[in-house]
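Colleague: Got a structure for you, coords_14.txt, holding compact mmCIF, C-alpha atoms.
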# COMPACT_ATOMS: atom_id res chain seq x y z
CA MET F 278 29.31 20.57 -11.08
CA LYS F 279 26.43 18.88 -9.25
CA ILE F 280 26.77 18.05 -5.54
CA PHE F 281 24.70 15.71 -3.36
CA ILE F 282 24.71 16.46 0.39
CA SER F 283 23.57 13.74 2.77
CA ALA F 284 22.86 15.48 6.07
CA ASP F 285 22.55 13.82 9.46
CA LEU F 286 22.22 15.42 12.88
CA GLU F 287 24.37 13.61 15.43
CA GLY F 288 27.71 14.78 14.04
CA ILE F 289 27.21 18.54 14.09
CA ALA F 290 29.01 20.85 16.50
CA GLY F 291 27.26 21.64 19.77
CA VAL F 292 25.35 18.35 20.02
CA ALA F 293 26.12 15.45 22.38
CA GLY F 294 23.74 15.31 25.35
CA SER F 295 21.44 12.29 25.47
CA GLY F 296 18.29 14.40 25.50
CA GLN F 297 19.12 16.84 22.73
CA LEU F 298 17.78 14.93 19.72
CA GLY F 299 14.42 13.65 20.90
CA GLU F 300 11.45 15.02 18.96
CA ASN F 301 10.00 16.40 22.19
CA SER F 302 13.28 17.76 23.52
CA HIS F 303 13.24 21.42 24.51
CA ASP F 304 16.59 21.70 22.71
CA ILE F 305 15.49 20.33 19.32
CA PRO F 306 14.54 23.73 17.79
CA ARG F 307 18.07 25.02 18.51
CA VAL F 308 19.65 21.80 17.23
CA ARG F 309 17.70 22.04 13.98
CA ARG F 310 19.02 25.57 13.49
CA LEU F 311 22.58 24.34 14.08
CA LEU F 312 22.07 21.57 11.53
CA THR F 313 20.65 23.95 8.95
CA ALA F 314 23.57 26.31 9.47
CA GLU F 315 26.17 23.56 8.96
CA VAL F 316 24.42 22.41 5.78
CA ASN F 317 24.36 26.01 4.56
CA ALA F 318 28.09 26.27 5.30
CA ALA F 319 28.70 23.26 3.05
CA ILE F 320 26.48 24.74 0.35
CA GLU F 321 28.34 28.05 0.47
CA GLY F 322 31.71 26.34 0.18
CA ALA F 323 30.54 24.12 -2.65
CA PHE F 324 29.37 27.09 -4.70
CA ARG F 325 32.63 28.89 -4.01
CA GLY F 326 34.41 25.84 -5.40
CA GLY F 327 32.42 25.80 -8.63
CA ALA F 328 29.24 23.87 -7.85
CA THR F 329 26.31 24.75 -10.08
CA GLU F 330 23.59 22.61 -8.51
CA ILE F 331 23.10 21.08 -5.05
CA LEU F 332 20.57 18.61 -3.66
CA VAL F 333 20.40 18.12 0.12
CA ASN F 334 18.91 14.94 1.58
CA ASP F 335 17.60 15.41 5.14
CA GLY F 336 18.77 12.04 6.42
CA HIS F 337 18.00 12.16 10.13
CA GLY F 338 15.02 10.45 11.72
CA ASN F 339 11.79 11.53 10.05
CA GLY F 340 13.66 13.41 7.33
CA ALA F 341 12.17 16.75 8.36
CA ASN F 342 14.85 18.39 10.48
CA ILE F 343 16.46 21.00 8.23
CA LEU F 344 14.61 24.30 8.46
CA ALA F 345 13.49 24.66 4.86
CA ASP F 346 12.80 28.37 5.13
CA GLU F 347 16.37 28.95 6.35
CA LEU F 348 18.09 26.72 3.79
CA ASP F 349 20.33 28.43 1.23
CA PRO F 350 17.90 29.10 -1.66
CA ARG F 351 20.44 27.90 -4.22
CA ALA F 352 19.91 24.30 -3.00
CA ARG F 353 17.01 21.86 -3.28
CA LEU F 354 15.86 19.68 -0.37
CA MET F 355 14.76 16.04 -0.22
CA ILE F 356 12.35 15.75 2.73
CA GLY F 357 10.63 12.72 4.21
CA PHE F 358 11.28 9.32 5.73
CA ASN F 359 9.98 6.74 3.22
CA GLN F 360 12.81 6.83 0.68
CA PRO F 361 14.00 3.46 -0.70
CA LEU F 362 17.61 4.66 -0.63
CA SER F 363 17.13 6.38 2.74
CA GLN F 364 19.87 8.99 3.31
CA MET F 365 20.88 8.72 -0.35
CA GLY F 366 17.43 9.29 -1.75
CA GLY F 367 17.73 11.37 -4.91
CA ILE F 368 21.24 10.25 -5.86
CA ASP F 369 21.84 9.31 -9.49
CA ALA F 370 24.61 9.32 -12.06
CA SER F 371 24.18 13.02 -12.84
CA PHE F 372 26.00 14.05 -9.63
CA ASP F 373 29.73 14.74 -9.48
CA ALA F 374 30.39 14.33 -5.74
CA VAL F 375 28.80 13.48 -2.39
CA PHE F 376 29.22 15.32 0.92
CA PHE F 377 28.39 13.81 4.33
CA VAL F 378 27.51 16.56 6.81
CA GLY F 379 26.65 15.86 10.45
CA HIS F 380 27.28 12.12 10.19
CA HIS F 381 28.40 9.82 13.01
CA ALA F 382 30.41 6.65 13.59
CA MET F 383 28.96 3.16 13.35
CA GLU F 384 27.36 1.24 16.22
CA GLY F 385 29.86 0.10 18.83
CA THR F 386 32.52 2.73 18.10
CA THR F 387 34.22 3.46 21.41
CA GLN F 388 33.59 7.12 22.37
CA GLY F 389 31.78 7.86 19.11
CA VAL F 390 29.09 10.46 19.80
CA TYR F 391 25.64 8.95 19.27
CA ASN F 392 27.31 5.95 17.59
CA HIS F 393 24.74 3.73 15.85
CA THR F 394 23.94 2.27 12.46
CA PHE F 395 20.59 3.40 11.00
CA PHE F 396 18.33 2.24 13.88
CA GLY F 397 19.98 2.69 17.26
CA ARG F 398 17.82 0.36 19.32
CA LEU F 399 17.72 -2.28 16.58
CA VAL F 400 21.09 -2.84 14.92
CA ASN F 401 24.20 -4.21 16.58
CA ARG F 402 26.28 -4.69 13.42
CA ILE F 403 26.01 -4.60 9.63
CA THR F 404 28.57 -5.95 7.21
CA LEU F 405 28.75 -5.20 3.49
CA ASN F 406 30.28 -8.14 1.63
CA GLY F 407 31.85 -9.19 4.92
CA ARG F 408 33.25 -5.77 5.91
CA PRO F 409 31.75 -3.99 8.93
CA ALA F 410 30.14 -0.79 7.70
CA GLY F 411 28.25 2.13 9.18
CA GLU F 412 25.99 4.60 7.47
CA MET F 413 28.75 6.48 5.66
CA GLY F 414 30.40 3.33 4.34
CA ILE F 415 27.10 1.98 3.05
CA ASN F 416 25.96 5.33 1.66
CA GLY F 417 29.30 5.80 -0.08
CA ALA F 418 28.91 2.39 -1.71
CA ILE F 419 25.46 3.41 -2.96
CA ALA F 420 26.95 6.60 -4.41
CA GLY F 421 29.65 4.47 -6.04
CA HIS F 422 26.98 2.33 -7.69
CA PHE F 423 25.99 5.46 -9.61
CA GLY F 424 29.61 6.37 -10.32
CA VAL F 425 29.69 9.24 -7.82
CA PRO F 426 32.65 9.66 -5.40
CA VAL F 427 32.52 10.87 -1.81
CA ALA F 428 34.43 14.15 -1.47
CA LEU F 429 33.74 15.44 2.07
CA ALA F 430 32.82 14.14 5.52
CA ALA F 431 32.10 16.29 8.58
CA GLY F 432 31.41 14.88 12.04
CA ASP F 433 33.18 13.93 15.25
CA ASP F 434 36.75 12.59 15.20
CA HIS F 435 35.57 8.97 15.22
CA ALA F 436 33.24 9.55 12.28
CA VAL F 437 36.04 11.27 10.37
CA ALA F 438 38.43 8.37 11.04
CA GLU F 439 35.79 5.93 9.82
CA ALA F 440 35.15 7.95 6.67
CA LEU F 441 38.85 8.02 5.82
CA GLN F 442 38.98 4.22 6.06
CA PHE F 443 36.34 3.96 3.36
CA PHE F 444 37.22 7.05 1.30
CA PRO F 445 40.96 7.84 1.52
CA GLY F 446 41.96 11.30 0.41
CA ILE F 447 38.65 13.06 0.94
CA GLU F 448 38.30 16.41 2.69
CA THR F 449 37.19 16.18 6.32
CA VAL F 450 36.11 18.44 9.16
CA THR F 451 36.25 17.32 12.79
CA THR F 452 33.38 19.17 14.45
CA LYS F 453 34.01 17.73 17.92
CA ARG F 454 36.04 15.15 19.81
CA GLY F 455 33.98 12.26 21.10
CA LEU F 456 34.63 11.38 24.75
CA ASP F 457 31.66 9.08 25.31
CA ARG F 458 28.40 8.30 23.52
CA PHE F 459 26.82 11.41 25.01
CA VAL F 460 29.89 13.55 25.76
CA ALA F 461 31.98 15.64 23.38
CA ASP F 462 34.60 18.36 23.31
CA SER F 463 32.99 20.47 20.59
CA LEU F 464 34.09 23.32 18.41
CA ALA F 465 32.01 26.45 18.64
CA PRO F 466 29.35 26.08 15.92
CA ALA F 467 30.58 29.21 14.14
CA GLU F 468 34.08 27.74 13.90
CA SER F 469 32.73 24.42 12.68
CA ARG F 470 30.81 26.20 9.95
CA ARG F 471 33.90 28.17 8.90
CA LEU F 472 35.90 24.97 8.53
CA ILE F 473 33.10 23.22 6.63
CA THR F 474 32.84 26.07 4.14
CA ALA F 475 36.59 25.98 3.50
CA ALA F 476 36.67 22.17 3.17
CA ALA F 477 33.62 22.10 0.89
CA GLN F 478 35.25 24.54 -1.49
CA ILE F 479 38.38 22.40 -1.70
CA ALA F 480 36.30 19.22 -2.02
CA VAL F 481 34.52 20.54 -5.11
CA GLU F 482 37.75 21.76 -6.64
CA ARG F 483 39.35 18.32 -6.16
CA ALA F 484 36.31 16.15 -6.87
CA GLY F 485 37.43 15.31 -10.38
CA ALA F 486 40.46 13.45 -9.05
CA LEU F 487 38.43 11.14 -6.78
CA ARG F 488 37.28 7.64 -7.66
CA PRO F 489 33.87 6.29 -6.67
CA VAL F 490 33.65 3.23 -4.43
CA SER F 491 33.42 0.00 -6.40
CA THR F 492 31.49 -2.85 -4.74
CA PRO F 493 31.76 -6.33 -6.31
CA SER F 494 28.48 -8.00 -7.23
CA PRO F 495 26.47 -9.80 -6.05
CA VAL F 496 26.16 -7.87 -2.80
CA THR F 497 25.37 -9.30 0.62
CA PHE F 498 24.42 -7.40 3.77
CA ASP F 499 24.63 -9.35 7.01
CA VAL F 500 22.68 -7.81 9.89
CA GLU F 501 23.09 -8.61 13.57
CA PHE F 502 20.19 -7.27 15.59
CA LYS F 503 20.12 -6.49 19.30
CA SER F 504 17.05 -8.68 19.86
CA THR F 505 15.76 -12.02 18.60
CA ALA F 506 12.39 -10.33 18.07
CA ALA F 507 13.73 -8.44 15.05
CA THR F 508 14.54 -11.48 12.93
CA THR F 509 11.06 -12.84 12.17
CA PHE F 510 9.26 -10.15 10.13
CA PRO F 511 12.10 -9.66 7.57
CA LEU F 512 11.78 -13.31 6.51
CA VAL F 513 8.75 -12.38 4.38
CA PHE F 514 11.32 -11.42 1.73
CA PRO F 515 12.52 -14.45 -0.27
CA SER F 516 16.04 -13.01 -0.50
CA VAL F 517 16.38 -12.80 3.30
CA ALA F 518 17.71 -15.72 5.31
CA ARG F 519 18.00 -16.11 9.06
CA THR F 520 21.63 -16.82 9.91
CA GLY F 521 21.40 -16.87 13.70
CA ALA F 522 19.15 -16.14 16.66
CA LYS F 523 19.63 -12.40 16.15
CA SER F 524 20.91 -12.20 12.58
CA VAL F 525 19.76 -12.26 8.97
CA SER F 526 21.42 -12.00 5.57
CA VAL F 527 20.08 -10.17 2.53
CA ALA F 528 21.50 -10.35 -0.99
CA GLY F 529 21.03 -8.46 -4.24
CA PRO F 530 22.60 -8.15 -7.69
CA ASP F 531 24.12 -4.75 -6.89
CA VAL F 532 24.59 -2.51 -3.86
CA ALA F 533 21.65 -0.20 -4.57
CA THR F 534 19.19 -3.08 -5.01
CA ALA F 535 20.58 -4.93 -1.99
CA PHE F 536 20.33 -1.78 0.12
CA MET F 537 16.70 -1.21 -0.78
CA MET F 538 16.04 -4.73 0.47
CA LEU F 539 18.15 -4.02 3.57
CA ASN F 540 16.11 -0.89 4.23
CA GLY F 541 12.96 -2.99 4.18
CA VAL F 542 14.57 -5.54 6.49
CA LEU F 543 15.42 -2.82 9.02
CA LEU F 544 11.93 -1.35 8.91
CA LEU F 545 10.37 -4.77 9.47
CA GLY F 546 12.90 -5.58 12.16
CA GLN F 547 11.99 -2.36 13.94
CA ALA F 548 8.33 -3.31 13.74
CA GLY F 549 9.16 -6.66 15.30
CA LEU F 550 10.40 -4.94 18.44
CA GLY F 551 6.88 -3.70 19.10
Render the structure in this file as structure tokens.
Modeller:
Amino acid sequence: MKIFISADLEGIAGVAGSGQLGENSHDIPRVRRLLTAEVNAAIEGAFRGGATEILVNDGHGNGANILADELDPRARLMIGFNQPLSQMGGIDASFDAVFFVGHHAMEGTTQGVYNHTFFGRLVNRITLNGRPAGEMGINGAIAGHFGVPVALAAGDDHAVAEALQFFPGIETVTTKRGLDRFVADSLAPAESRRLITAAAQIAVERAGALRPVSTPSPVTFDVEFKSTAATTFPLVFPSVARTGAKSVSVAGPDVATAFMMLNGVLLLGQAGLG
């Protein structure tokens, strides 16, 4: 049983304040330890449930947040920012299930802690074949392209509700209750980890009954940016079309290919902001 863990940072217990996640924040060393501990909790539960191999993708920011020397040695770690599939870098058809640990709700989610979609200052909205989608919805579709189902999601209550809309029947852990973008009623980290371990075990045990997400082809991502400045650079790609003053559309034959193009569009859009 092979498990892929996509780890983000905003959804873990004990994190909400606006200054906690900056690279120069005095709190970032503690936050990285909290993240590593929640990932280890998921790893422990997965192995209790019968997992034999685990790959963790460090999917936050620069992709170098998990403390490698404190990671459960039974797991491997994907590190680094420049991955064509971003938070799903390393996924392939050999995996049996995907876990989302520390993830957050999509941009514009009322009271969702750190709500955003990939690039916070860049993206206002992304739709996948016309359906609004955040990072988990898009990442789950990528996993589905390889025939791998999502089995677990852990994050604030808004992230959990979003995950259940895309992946009904999965195991979930609510690490905190979002009260505002930078305010949360959080579990104690130790309690969050206990619940993640228990849910991860069940998720592995039940993974065989889950179906991967199926996304009809061809696939179109529509992106609405927060600034007109973001729309120009992405037009270097022939498959990208401007659809409005702040929006572009990108298409591909399948969700993985279309996402790799979307990833390039977002990087170029970010560059356009200066």
Colleague: Could you pull the residues within 7 Å of region 340-356 of chain F, counting all atoms listed in the file, minus those fewer than 4 positions along the same chain, as a PDB file with C-alpha atoms, in the coordinates of the input?
Modeller:
ATOM      1  CA  ARG F 309      17.700  22.040  13.980  1.00  0.00           C
ATOM      2  CA  ARG F 310      19.020  25.570  13.490  1.00  0.00           C
ATOM      3  CA  LEU F 312      22.070  21.570  11.530  1.00  0.00           C
ATOM      4  CA  THR F 313      20.650  23.950   8.950  1.00  0.00           C
ATOM      5  CA  ASN F 317      24.360  26.010   4.560  1.00  0.00           C
ATOM      6  CA  GLU F 330      23.590  22.610  -8.510  1.00  0.00           C
ATOM      7  CA  ILE F 331      23.100  21.080  -5.050  1.00  0.00           C
ATOM      8  CA  LEU F 332      20.570  18.610  -3.660  1.00  0.00           C
ATOM      9  CA  VAL F 333      20.400  18.120   0.120  1.00  0.00           C
ATOM     10  CA  ASN F 334      18.910  14.940   1.580  1.00  0.00           C
ATOM     11  CA  ASP F 335      17.600  15.410   5.140  1.00  0.00           C
ATOM     12  CA  GLY F 336      18.770  12.040   6.420  1.00  0.00           C
TER      13      GLY F 336
END
Colleague: Which residues, written as number ranges by chain, have at least one atom at most 7 Å from region 477-481 of chain F, with all atoms listed in the file counted and residues fewer than 6 positions away on the same chain left out?
Modeller: F: 319, 322-323, 325-328, 428-429, 448
Colleague: Would you work out the distance separating CA of Ala475 (chain F) from CA of Thr449 (chain F), expressed in Å to one decimal?
Modeller: 10.2 Å
Colleague: Between CA of Val400 (chain F) and CA of Gly385 (chain F), what distance in Å does the model show, to one decimal?
Modeller: 10.0 Å
Colleague: Using all atoms listed in the file, pick whichever of F:Ala436, F:Val513, F:Ile447, F:Leu311 has the shortest atom-to-atom distance to Glu482 (chain F).
Modeller: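 Comparing F:Ala436, F:Val513, F:Ile447, F:Leu311 against Glu482 (chain F), the winner is F:Ile447.
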Colleague: Work out how far CA of Ala486 (chain F) is from CA of Thr404 (chain F), in Å to one decimal.
Modeller: 28.0 Å
Colleague: Which of these residues is nearest to Glu468 (chain F), using all atoms listed in the file: F:Phe536, F:Ala374, F:Gln297, F:Glu315?
Modeller: F:Glu315
Colleague: For Ala506 (chain F), find every residue with an atom within 8 Å (counting all atoms listed in the file), except residues of its own chain fewer than 2 positions away, and show them as a PyMOL selection string.
Modeller: chain F and resi 504+508-509+523+546+549-550
Colleague: Nearest residue to Gly366 (chain F) out of F:Ser516, F:Ser283, F:Ser524, F:Asn339, using all atoms listed in the file?
Modeller: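 When distances to Gly366 (chain F) are compared using all atoms listed in the file, the smallest one comes from F:Ser283.
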Colleague: From the options F:Pro409, F:Gly389, F:Pro361, F:Gly338, which residue's atoms come nearest to Phe459 (chain F), counting all atoms listed in the file?
Modeller: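 Of F:Pro409, F:Gly389, F:Pro361, F:Gly338, the one nearest Phe459 (chain F) is F:Gly389, counting all atoms listed in the file.
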Colleague: Closest to Pro515 (chain F) among F:Ile289, F:Phe376, F:His337, F:Met538, using all atoms listed in the file?
Modeller: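 Residue with the minimum atom-to-atom distance to Pro515 (chain F): F:Met538.
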Colleague: Using all atoms listed in the file, which of F:Ala314, F:Glu384, F:Ala484, F:Lys453 sits nearest Leu399 (chain F)?
Modeller: F:Glu384
Colleague: Please provide the set of residues having any atom within 12 Å of Val490 (chain F), restricted to only C-alpha atoms, with same-chain residues fewer than 3 positions apart removed, written as a list in words.
Modeller: Ala374, Val375, Met413, Gly414, Ile415, Asn416, Gly417, Ala418, Ile419, Ala420, Gly421, His422, Phe423, Gly424, Val425, Pro426, Val427, Ala428, Gln442, Phe443, Phe444, Pro445, Leu487, Pro493 and Val532 of chain F
Colleague: Within 7 Å of Thr451 (chain F), counting only C-alpha atoms, which residues show up once you throw out same-chain ones fewer than 4 positions away? Write them as a list of chain:residue names, please.
Modeller: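 The neighbour list is F:Ala431, F:Gly432, F:Asp433, F:Asp434, F:Val437.
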Colleague: Can you write out the residues you just picked, keeping C-alpha atoms, as a CSV table (one decimal), in the frame of the given file?
Modeller:
chain,number,residue,atom,x,y,z
F,431,ALA,CA,32.1,16.3,8.6
F,432,GLY,CA,31.4,14.9,12.0
F,433,ASP,CA,33.2,13.9,15.2
F,434,ASP,CA,36.8,12.6,15.2
F,437,VAL,CA,36.0,11.3,10.4
